[in-house]
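K.L.:
So here's model-v8.cif (mmCIF, C-alpha atoms).
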```
data_my_file
loop_
_atom_site.label_atom_id
_atom_site.label_comp_id
_atom_site.auth_asym_id
_atom_site.auth_seq_id
_atom_site.Cartn_x
_atom_site.Cartn_y
_atom_site.Cartn_z
CA MET A 1 18.83 -7.16 4.41
CA ILE A 2 16.20 -4.39 4.80
CA ARG A 3 14.24 -6.59 7.21
CA GLU A 4 17.33 -7.27 9.30
CA LEU A 5 18.40 -3.62 9.50
CA THR A 6 14.94 -2.23 10.22
CA SER A 7 14.37 -4.85 12.93
CA ILE A 8 16.87 -2.89 15.03
CA PHE A 9 14.21 -0.17 15.34
CA VAL A 10 11.56 -2.73 16.25
CA ALA A 11 13.83 -4.19 18.96
CA GLY A 12 14.65 -0.65 20.12
CA TYR A 13 10.97 0.14 20.51
CA CYS A 14 10.47 -3.02 22.62
CA ILE A 15 13.24 -1.79 24.95
CA PHE A 16 11.58 1.64 25.04
CA LEU A 17 8.29 0.01 26.16
CA LEU A 18 10.17 -1.75 28.98
CA VAL A 19 11.68 1.60 30.04
CA LEU A 20 8.16 3.07 29.99
CA VAL A 21 6.90 0.37 32.38
CA TYR A 22 9.98 0.84 34.59
CA LYS A 23 9.39 4.61 34.85
CA LEU A 24 5.71 3.99 35.59
CA ALA A 25 6.74 1.75 38.50
CA GLN A 26 9.01 4.52 39.80
CA GLY A 27 6.07 6.86 40.32
CA ALA A 28 4.17 9.77 38.79
CA ASP A 29 7.14 12.18 38.68
CA ALA A 30 9.49 9.83 36.85
CA TYR A 31 6.74 8.90 34.39
CA GLY A 32 5.76 12.53 33.88
CA ASN A 33 9.37 13.54 33.15
CA LEU A 34 9.68 10.80 30.54
CA MET A 35 6.40 11.81 28.90
CA ALA A 36 7.62 15.44 28.73
CA ALA A 37 10.91 14.30 27.14
CA LEU A 38 8.96 12.32 24.53
CA LYS A 39 7.42 15.52 23.16
CA SER A 40 10.75 16.73 21.75
CA PRO A 41 10.97 16.87 17.92
CA SER A 42 13.79 14.28 17.84
CA SER A 43 11.70 11.86 19.91
CA VAL A 44 8.65 12.35 17.69
CA THR A 45 10.82 11.81 14.58
CA LEU A 46 12.28 8.61 16.04
CA HIS A 47 8.79 7.36 16.89
CA LEU A 48 7.55 8.07 13.37
CA ILE A 49 10.52 6.18 11.89
CA SER A 50 9.88 3.27 14.26
CA LEU A 51 6.18 3.27 13.35
CA ALA A 52 7.01 3.09 9.63
CA PHE A 53 9.37 0.14 10.18
CA VAL A 54 6.97 -1.70 12.48
CA LEU A 55 4.26 -1.29 9.82
CA TYR A 56 6.72 -2.59 7.20
CA HIS A 57 7.45 -5.66 9.33
CA THR A 58 3.79 -6.27 10.09
CA ILE A 59 2.75 -6.13 6.44
CA THR A 60 5.65 -8.23 5.09
CA TRP A 61 5.12 -10.79 7.89
CA PHE A 62 1.36 -11.06 7.30
CA ASN A 63 2.00 -11.47 3.57
CA LEU A 64 4.30 -14.42 4.33
CA THR A 65 1.81 -16.24 6.55
CA PRO A 66 0.03 -18.13 3.72
CA LYS A 67 3.36 -19.76 2.85
CA ILE A 68 3.67 -21.15 6.35
CA LEU A 69 0.04 -21.79 7.24
CA VAL A 70 -0.92 -24.06 4.39
CA LEU A 71 -4.42 -25.11 5.39
CA TYR A 72 -6.82 -27.49 3.69
CA ARG A 73 -10.57 -27.87 3.78
CA GLY A 74 -10.89 -31.50 2.77
CA GLU A 75 -8.73 -31.77 -0.33
CA GLU A 76 -9.04 -28.12 -1.22
CA ARG A 77 -6.42 -25.63 -0.11
CA ILE A 78 -7.77 -22.60 1.71
CA PRO A 79 -6.96 -19.56 -0.52
CA GLN A 80 -3.77 -17.72 0.43
CA GLY A 81 -5.62 -14.38 0.45
CA LEU A 82 -8.04 -15.67 3.07
CA VAL A 83 -5.21 -16.77 5.38
CA ALA A 84 -3.41 -13.41 5.14
CA GLY A 85 -6.77 -11.58 5.23
CA THR A 86 -7.63 -13.19 8.58
CA PHE A 87 -4.45 -11.72 10.07
CA TYR A 88 -5.21 -8.27 8.64
CA ALA A 89 -8.77 -8.47 9.99
CA GLY A 90 -7.41 -9.43 13.43
CA TRP A 91 -5.02 -6.50 13.24
CA VAL A 92 -7.88 -4.07 12.51
CA VAL A 93 -10.01 -5.49 15.36
CA VAL A 94 -7.15 -5.25 17.88
CA SER A 95 -6.28 -1.72 16.68
CA VAL A 96 -9.89 -0.58 17.10
CA ILE A 97 -10.00 -2.01 20.66
CA VAL A 98 -6.70 -0.31 21.54
CA ALA A 99 -7.88 3.00 20.03
CA TRP A 100 -11.13 2.72 21.99
CA LEU A 101 -9.22 2.05 25.24
CA VAL A 102 -6.67 4.83 24.70
CA LEU A 103 -8.90 7.52 23.23
CA GLY A 104 -11.99 6.49 25.17
CA VAL A 105 -14.21 7.23 22.18
CA MET B 1 32.36 -4.96 -38.69
CA MET B 2 34.14 -6.28 -35.63
CA ALA B 3 32.26 -8.98 -33.78
CA GLU B 4 31.04 -7.86 -30.37
CA THR B 5 32.88 -9.25 -27.37
CA MET B 6 32.46 -9.36 -23.63
CA LYS B 7 34.80 -9.80 -20.70
CA LEU B 8 34.53 -12.40 -17.97
CA GLU B 9 36.61 -12.08 -14.82
CA ILE B 10 36.97 -15.57 -13.45
CA PHE B 11 38.12 -16.82 -10.05
CA ARG B 12 41.17 -19.04 -10.41
CA TYR B 13 42.66 -21.30 -7.79
CA ARG B 14 45.14 -24.04 -8.64
CA PRO B 15 46.37 -25.39 -5.29
CA GLU B 16 49.49 -26.97 -6.82
CA LYS B 17 50.50 -23.61 -8.29
CA GLU B 18 49.24 -20.84 -6.04
CA SER B 19 48.53 -20.53 -2.34
CA GLU B 20 45.95 -17.76 -2.77
CA PRO B 21 43.16 -17.45 -5.34
CA THR B 22 43.56 -14.98 -8.20
CA PHE B 23 41.30 -13.58 -10.90
CA GLN B 24 41.82 -13.95 -14.64
CA THR B 25 40.01 -11.94 -17.29
CA TYR B 26 38.98 -13.52 -20.60
CA GLU B 27 37.44 -11.92 -23.65
CA VAL B 28 34.72 -13.98 -25.30
CA PRO B 29 32.39 -13.41 -28.26
CA PHE B 30 29.06 -11.85 -27.31
CA LEU B 31 26.12 -13.75 -28.71
CA GLU B 32 22.48 -12.98 -27.92
CA ASP B 33 21.65 -16.58 -27.11
CA TRP B 34 24.76 -17.39 -25.10
CA VAL B 35 24.60 -18.02 -21.39
CA VAL B 36 27.57 -17.68 -19.01
CA LEU B 37 28.17 -21.44 -19.27
CA ASP B 38 28.51 -21.15 -23.08
CA ALA B 39 31.12 -18.43 -22.56
CA ILE B 40 33.02 -20.57 -20.04
CA ASN B 41 32.86 -23.58 -22.36
CA HIS B 42 34.27 -21.33 -25.10
CA ILE B 43 37.14 -20.32 -22.81
CA LYS B 44 37.83 -23.97 -21.94
CA ASP B 45 37.76 -25.09 -25.61
CA GLU B 46 39.41 -22.14 -27.33
CA ILE B 47 41.37 -20.01 -24.86
CA ASP B 48 42.46 -21.75 -21.67
CA GLY B 49 42.00 -25.49 -21.19
CA THR B 50 43.19 -25.32 -17.59
CA LEU B 51 39.95 -23.75 -16.34
CA SER B 52 37.99 -26.15 -14.10
CA TYR B 53 34.23 -26.07 -13.44
CA ARG B 54 31.27 -28.42 -13.17
CA TRP B 55 28.50 -28.67 -15.72
CA SER B 56 26.38 -31.27 -17.43
CA CYS B 57 22.89 -30.76 -18.88
CA ARG B 58 22.95 -27.08 -19.97
CA MET B 59 19.20 -26.83 -19.34
CA GLY B 60 18.64 -26.18 -15.63
CA VAL B 61 17.95 -29.79 -14.72
CA CYS B 62 21.17 -31.31 -13.39
CA GLY B 63 22.07 -28.61 -10.87
CA SER B 64 25.82 -28.89 -11.55
CA CYS B 65 26.74 -25.47 -12.89
CA GLY B 66 25.91 -23.21 -9.96
CA MET B 67 28.31 -20.27 -9.63
CA MET B 68 28.37 -16.78 -8.16
CA ILE B 69 27.65 -14.49 -11.08
CA ASN B 70 28.28 -10.87 -10.16
CA GLY B 71 27.94 -11.99 -6.54
CA VAL B 72 24.58 -13.73 -6.98
CA PRO B 73 24.25 -17.54 -6.86
CA LYS B 74 22.92 -18.65 -10.25
CA LEU B 75 22.93 -21.61 -12.58
CA SER B 76 25.44 -20.48 -15.20
CA CYS B 77 23.33 -22.25 -17.85
CA ALA B 78 20.45 -19.91 -17.05
CA ALA B 79 22.35 -16.61 -16.83
CA PHE B 80 22.27 -14.90 -20.23
CA LEU B 81 25.20 -12.75 -21.32
CA LYS B 82 22.77 -10.21 -22.79
CA ASP B 83 21.51 -9.43 -19.28
CA TYR B 84 25.00 -8.19 -18.34
CA TYR B 85 26.27 -6.80 -21.67
CA PRO B 86 28.38 -4.70 -22.14
CA ASP B 87 29.68 -4.86 -18.55
CA LYS B 88 32.29 -7.32 -17.38
CA ILE B 89 30.87 -10.37 -15.60
CA LEU B 90 32.47 -11.57 -12.38
CA VAL B 91 32.34 -15.36 -12.03
CA GLU B 92 33.25 -17.04 -8.72
CA PRO B 93 32.63 -20.40 -7.06
CA LEU B 94 29.57 -20.72 -4.81
CA THR B 95 30.23 -18.97 -1.50
CA GLY B 96 30.11 -20.80 1.81
CA PHE B 97 31.90 -23.86 0.46
CA PRO B 98 35.61 -24.71 0.37
CA VAL B 99 37.09 -24.40 -3.14
CA GLU B 100 38.68 -27.48 -4.63
CA ARG B 101 39.92 -25.82 -7.81
CA ASP B 102 38.87 -22.76 -9.81
CA LEU B 103 35.05 -22.80 -9.88
CA VAL B 104 34.77 -26.30 -8.41
CA ILE B 105 33.60 -26.39 -4.78
CA VAL B 106 33.89 -29.21 -2.26
CA MET B 107 30.33 -30.44 -1.77
CA ASP B 108 31.01 -33.17 0.81
CA ASP B 109 29.29 -31.22 3.59
CA PHE B 110 26.05 -30.95 1.62
CA MET B 111 26.17 -34.60 0.54
CA THR B 112 26.59 -35.74 4.17
CA LYS B 113 23.69 -33.57 5.33
CA LEU B 114 21.50 -34.79 2.50
CA THR B 115 22.24 -38.44 3.35
CA ASP B 116 21.65 -37.84 7.07
CA MET B 117 18.21 -36.41 6.27
CA GLN B 118 17.12 -39.80 4.85
CA PRO B 119 15.35 -38.28 1.84
CA TYR B 120 13.48 -41.41 0.80
CA ILE B 121 10.25 -43.15 1.80
CA ILE B 122 10.59 -44.84 5.18
CA ARG B 123 7.97 -47.31 6.36
CA LYS B 124 7.51 -48.35 9.97
CA GLU B 125 8.78 -51.77 10.91
CA GLY B 126 6.32 -54.42 9.79
CA GLU B 127 4.36 -51.97 7.61
CA GLU B 128 6.39 -52.34 4.45
CA LYS B 129 4.31 -53.96 1.73
CA PRO B 130 5.73 -57.04 0.04
CA LEU B 131 6.85 -56.22 -3.52
CA GLU B 132 4.16 -58.43 -5.09
CA GLU B 133 1.46 -56.22 -3.55
CA GLY B 134 2.62 -53.37 -5.77
CA GLU B 135 3.31 -49.71 -5.14
CA TYR B 136 1.94 -47.43 -2.44
CA LEU B 137 -0.87 -45.49 -4.06
CA GLN B 138 -1.36 -41.76 -3.75
CA SER B 139 -4.06 -39.37 -4.98
CA PRO B 140 -3.21 -36.29 -7.09
CA ALA B 141 -4.26 -34.12 -4.11
CA GLU B 142 -1.81 -35.93 -1.84
CA LEU B 143 0.94 -35.45 -4.43
CA ALA B 144 0.11 -31.75 -4.76
CA ARG B 145 0.80 -31.20 -1.04
CA PHE B 146 4.53 -31.84 -1.35
CA LYS B 147 5.27 -31.68 -5.09
CA GLN B 148 6.82 -28.22 -4.95
CA TYR B 149 9.43 -29.41 -2.43
CA SER B 150 10.29 -32.42 -4.58
CA MET B 151 11.50 -30.21 -7.45
CA CYS B 152 14.91 -29.62 -5.81
CA ILE B 153 17.85 -30.34 -8.14
CA ASN B 154 20.51 -30.18 -5.39
CA CYS B 155 22.24 -27.23 -7.05
CA MET B 156 23.24 -25.73 -3.67
CA LEU B 157 22.44 -22.15 -4.75
CA CYS B 158 20.31 -21.87 -1.60
CA TYR B 159 23.33 -22.68 0.57
CA ALA B 160 25.42 -20.05 -1.20
CA ALA B 161 22.63 -17.50 -0.61
CA CYS B 162 22.01 -18.40 3.05
CA PRO B 163 23.67 -15.93 5.46
CA VAL B 164 23.21 -18.39 8.33
CA TYR B 165 25.12 -21.14 6.51
CA ALA B 166 27.85 -18.63 5.63
CA LEU B 167 28.34 -17.87 9.33
CA ASP B 168 27.89 -21.39 10.66
CA SER B 169 28.30 -24.33 8.33
CA THR B 170 26.94 -26.75 10.93
CA PHE B 171 23.46 -25.50 9.92
CA ILE B 172 21.76 -28.31 8.03
CA GLY B 173 20.64 -25.78 5.47
CA PRO B 174 17.73 -25.06 3.13
CA ALA B 175 17.78 -27.86 0.54
CA ALA B 176 18.32 -30.75 2.97
CA ILE B 177 15.54 -29.53 5.30
CA ALA B 178 13.18 -28.87 2.38
CA LEU B 179 13.75 -32.42 1.15
CA GLY B 180 13.18 -33.80 4.64
CA GLN B 181 9.93 -31.83 4.77
CA ARG B 182 9.02 -33.16 1.30
CA TYR B 183 9.13 -36.74 2.60
CA ASN B 184 7.48 -35.83 5.90
CA MET B 185 4.52 -34.52 3.90
CA ASP B 186 4.35 -37.55 1.63
CA SER B 187 1.28 -39.66 2.47
CA ARG B 188 3.27 -42.86 1.76
CA ASP B 189 6.03 -41.99 4.22
CA GLN B 190 6.14 -42.91 7.92
CA GLY B 191 9.66 -41.66 8.69
CA ARG B 192 8.95 -38.26 10.23
CA ASP B 193 10.06 -39.33 13.70
CA ALA B 194 13.35 -40.63 12.27
CA ARG B 195 14.01 -37.30 10.54
CA GLN B 196 12.73 -35.13 13.34
CA GLU B 197 15.84 -35.70 15.45
CA LEU B 198 17.91 -33.95 12.78
CA ILE B 199 15.32 -31.41 11.57
CA ALA B 200 14.50 -30.14 15.08
CA SER B 201 18.09 -30.37 16.32
CA HIS B 202 20.19 -27.41 17.38
CA ASN B 203 21.65 -27.27 13.86
CA GLY B 204 18.27 -27.69 12.18
CA ILE B 205 15.26 -25.47 11.58
CA TRP B 206 15.75 -23.25 14.64
CA GLU B 207 19.03 -21.89 13.21
CA CYS B 208 17.03 -20.39 10.32
CA THR B 209 16.14 -16.73 10.83
CA PHE B 210 13.84 -16.62 7.76
CA VAL B 211 15.91 -14.23 5.68
CA GLY B 212 14.34 -15.85 2.63
CA GLU B 213 17.32 -15.53 0.27
CA CYS B 214 17.30 -19.31 -0.33
CA SER B 215 13.85 -19.04 -1.89
CA ALA B 216 14.81 -15.93 -3.85
CA VAL B 217 17.67 -17.70 -5.69
CA CYS B 218 16.06 -21.15 -6.09
CA PRO B 219 15.90 -21.89 -9.85
CA GLU B 220 13.14 -24.47 -9.35
CA HIS B 221 10.89 -22.33 -7.10
CA VAL B 222 11.05 -24.92 -4.35
CA ASP B 223 10.73 -22.20 -1.70
CA PRO B 224 12.89 -23.91 0.93
CA ALA B 225 12.31 -20.99 3.34
CA ALA B 226 8.61 -21.85 3.45
CA ALA B 227 9.42 -25.55 3.95
CA ILE B 228 11.60 -24.67 6.94
CA GLN B 229 8.96 -22.42 8.50
CA ARG B 230 6.33 -25.12 8.05
CA ALA B 231 8.66 -27.59 9.77
CA LYS B 232 8.96 -25.06 12.61
CA VAL B 233 5.17 -24.95 12.95
CA SER B 234 4.98 -28.79 13.00
CA SER B 235 7.76 -29.03 15.59
CA THR B 236 6.06 -26.40 17.76
CA VAL B 237 2.79 -28.33 17.59
CA ASP B 238 4.73 -31.47 18.61
CA TRP B 239 6.15 -29.63 21.61
CA PHE B 240 2.75 -28.36 22.76
CA LYS B 241 1.28 -31.85 22.35
CA ASP B 242 4.07 -33.29 24.48
CA VAL B 243 3.53 -30.68 27.20
CA LEU B 244 -0.27 -30.63 27.20
CA ILE B 245 -0.96 -34.31 26.61
CA PRO B 246 2.18 -36.16 27.78
CA TRP B 247 0.22 -39.43 28.00
CA GLY B 248 -0.49 -39.15 24.26
CA LYS B 249 3.19 -39.60 23.34
CA LYS B 250 3.88 -41.83 20.41
CA LYS B 251 5.59 -45.11 21.17
#
```
Output the structure of this file as structure tokens.

P.N.:
Amino acid sequence: MIRELTSIFVAGYCIFLLVLVYKLAQGADAYGNLMAALKSPSSVTLHLISLAFVLYHTITWFNLTPKILVLYRGEERIPQGLVAGTFYAGWVVVSVIVAWLVLGV
Amino acid sequence: MMAETMKLEIFRYRPEKESEPTFQTYEVPFLEDWVVLDAINHIKDEIDGTLSYRWSCRMGVCGSCGMMINGVPKLSCAAFLKDYYPDKILVEPLTGFPVERDLVIVMDDFMTKLTDMQPYIIRKEGEEKPLEEGEYLQSPAELARFKQYSMCINCMLCYAACPVYALDSTFIGPAAIALGQRYNMDSRDQGRDARQELIASHNGIWECTFVGECSAVCPEHVDPAAAIQRAKVSSTVDWFKDVLIPWGKKK
């Protein structure tokens, strides 16, 4: 039930991203106004809540992957930790690339 | 000293007597080693012989005694009174199914779905070995790949736990799909294509939203939710194969 309820925030954030792209297409002023509105305490709080729930979904989903991706090397099953670990490693790599692009470090 | 007792509030429905279900409370002795089924058997034998319910083995093998115990689908032979004492225990028939009488549900829907899934080894035409050639052999590693899914005792707790089945009973449901997957993964079986029509149908795996409650309540740790997700992966691979290499279609 927690997954179902918290997914509302995940879906909400997807809609927010679409709005962001829409405002960007409308021009610098529209985008700038939205960015200014996002700095309000209520917006920051909502973003933090969404971040927590997205992290919750990411972690619970990655932990479930070994149940679905049952892989074998010959007759030996590839350890569940390795399957989930690959997803976590991919997550870290993608996050580092995104951070590098956004922060320009 | 007075012997300790416990109360059970039990769902009653006698269609010849009442149009709506009612609840009846019974007081039973509390014993450390009693399970809910022992208490219900005590009621049937000593207090009220009109109470109807299904049971058989008393040891979590037959899958007959599934009930909602305090709202959770459980085998009543595996639910100890001591885990609820001293509170009253609410006992109801499995949710999602029509009630025939008291705690007895109508299981025709599940039986039809199970039969439709063809949960037995299917060989392709002309590939069935003559009896005199003996059995189809299988290595322990091949057995290990599907063994977990073969442990299902058809108790239907997973159906009672499934919110999708509760909303739409046309969903084929956890146990039937898990058993289909069990045979699909069996190295001796060649019937995947025959089952795929049902498994990948509108009422099959794609109805499942992976809530996971079926696996949480499964007394045999079959993990039907995982079986369904694995069937989704296989069906997706099938689809990509069909799109990317249409000339490679199986006859």

K.L.:
List every residue of chain B that has an atom at most 6 Å from any atom of chain A, giving for each one its closest atom pair and the distance in Å to one decimal, counting all atoms listed in the file, sorted by chain and then by ascending residue number, as a tab-separated table.

P.N.:
```
residue	atom	partner	partner_atom	distance
B:Ala226	CA	A:Lys67	CA	5.7
B:Gln229	CA	A:Ile68	CA	5.8
B:Arg230	CA	A:Ile68	CA	5.1
```

K.L.:
If the PyMOL selection byres ((chain B and resi 198) around 10) were run on this exact file, what residues would it hold? Put them as a ChimeraX atom specification.

P.N.:
/B:113,116-118,172,177,180,193-197,199-205

K.L.:
If we draw a sphere of 6 Å around (22.9, -18.1, -22.9), which residues have at least one atom in it when counting all atoms listed in the file? Please report them as a ChimeraX atom specification.

P.N.:
/B:33-35,80

K.L.:
Smallest atom-to-atom distance to Glu32 in chain B: which of B:Phe210, B:Phe110, B:Tyr85, B:Tyr136, using all atoms listed in the file?

P.N.:
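Closest residue, counting all atoms listed in the file: B:Tyr85.
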
K.L.:
Report as a list in words the residues that result from applying the PyMOL selection byres ((chain B and resi 146) around 9) to the structure here.

P.N.:
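For this structure, the PyMOL selection byres ((chain B and resi 146) around 9) captures Glu142, Leu143, Ala144, Arg145, Lys147, Gln148, Tyr149, Ser150, Gln181, Arg182, Tyr183, Asn184, Met185 and Asp186 of chain B.
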
K.L.:
Include C-alpha atoms and write out the residues we just selected as a CSV table (one decimal), in the coordinates of the input.

P.N.:
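Result file follows (part.csv):
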```csv
chain,number,residue,atom,x,y,z
B,142,GLU,CA,-1.8,-35.9,-1.8
B,143,LEU,CA,0.9,-35.4,-4.4
B,144,ALA,CA,0.1,-31.8,-4.8
B,145,ARG,CA,0.8,-31.2,-1.0
B,147,LYS,CA,5.3,-31.7,-5.1
B,148,GLN,CA,6.8,-28.2,-5.0
B,149,TYR,CA,9.4,-29.4,-2.4
B,150,SER,CA,10.3,-32.4,-4.6
B,181,GLN,CA,9.9,-31.8,4.8
B,182,ARG,CA,9.0,-33.2,1.3
B,183,TYR,CA,9.1,-36.7,2.6
B,184,ASN,CA,7.5,-35.8,5.9
B,185,MET,CA,4.5,-34.5,3.9
B,186,ASP,CA,4.4,-37.6,1.6
```

K.L.:
Could you tell me how far CA of Trp61 in chain A sits from CA of Met68 in chain B, in Å to one decimal place?

P.N.:
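Between CA of Met68 in chain B and CA of Trp61 in chain A the gap is 28.9 Å.
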
K.L.:
For the file shown, report as an MDAnalysis selection string the outcome of the PyMOL selection byres ((chain B and resi 28) around 8) at residue level.

P.N.:
chainID B and resid 5:8 26:27 29:30 39 42:43

K.L.:
Would you mind exporting the chosen residues as a PDB file, in the frame of the given file, restricted to C-alpha atoms?

P.N.:
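Below is the file that was written, out-v9.pdb:
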```
ATOM      1  CA  THR B   5      32.880  -9.250 -27.370  1.00  0.00           C
ATOM      2  CA  MET B   6      32.460  -9.360 -23.630  1.00  0.00           C
ATOM      3  CA  LYS B   7      34.800  -9.800 -20.700  1.00  0.00           C
ATOM      4  CA  LEU B   8      34.530 -12.400 -17.970  1.00  0.00           C
ATOM      5  CA  TYR B  26      38.980 -13.520 -20.600  1.00  0.00           C
ATOM      6  CA  GLU B  27      37.440 -11.920 -23.650  1.00  0.00           C
ATOM      7  CA  PRO B  29      32.390 -13.410 -28.260  1.00  0.00           C
ATOM      8  CA  PHE B  30      29.060 -11.850 -27.310  1.00  0.00           C
ATOM      9  CA  ALA B  39      31.120 -18.430 -22.560  1.00  0.00           C
ATOM     10  CA  HIS B  42      34.270 -21.330 -25.100  1.00  0.00           C
ATOM     11  CA  ILE B  43      37.140 -20.320 -22.810  1.00  0.00           C
TER      12      ILE B  43
END
```

K.L.:
Name all residues at most 12 Å from range 7-11 of chain A (count all atoms listed in the file; drop same-chain ones fewer than 2 positions away) and give them as a ChimeraX atom specification.

P.N.:
/A:1-5,13-18,46-58 /B:211

K.L.:
In Å, with one decimal, what is the gap from CA of Gly60 in chain B to CA of Met111 in chain B?

P.N.:
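Distance reported for this atom pair: 19.7 Å.
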
K.L.:
Which residue out of B:Val36, B:Leu157, B:Ala225, B:Val237 has the minimum interatomic distance to Val72 in chain B when all atoms listed in the file are used?

P.N.:
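Once distances to Val72 in chain B are computed over all atoms listed in the file, the minimum belongs to B:Leu157.
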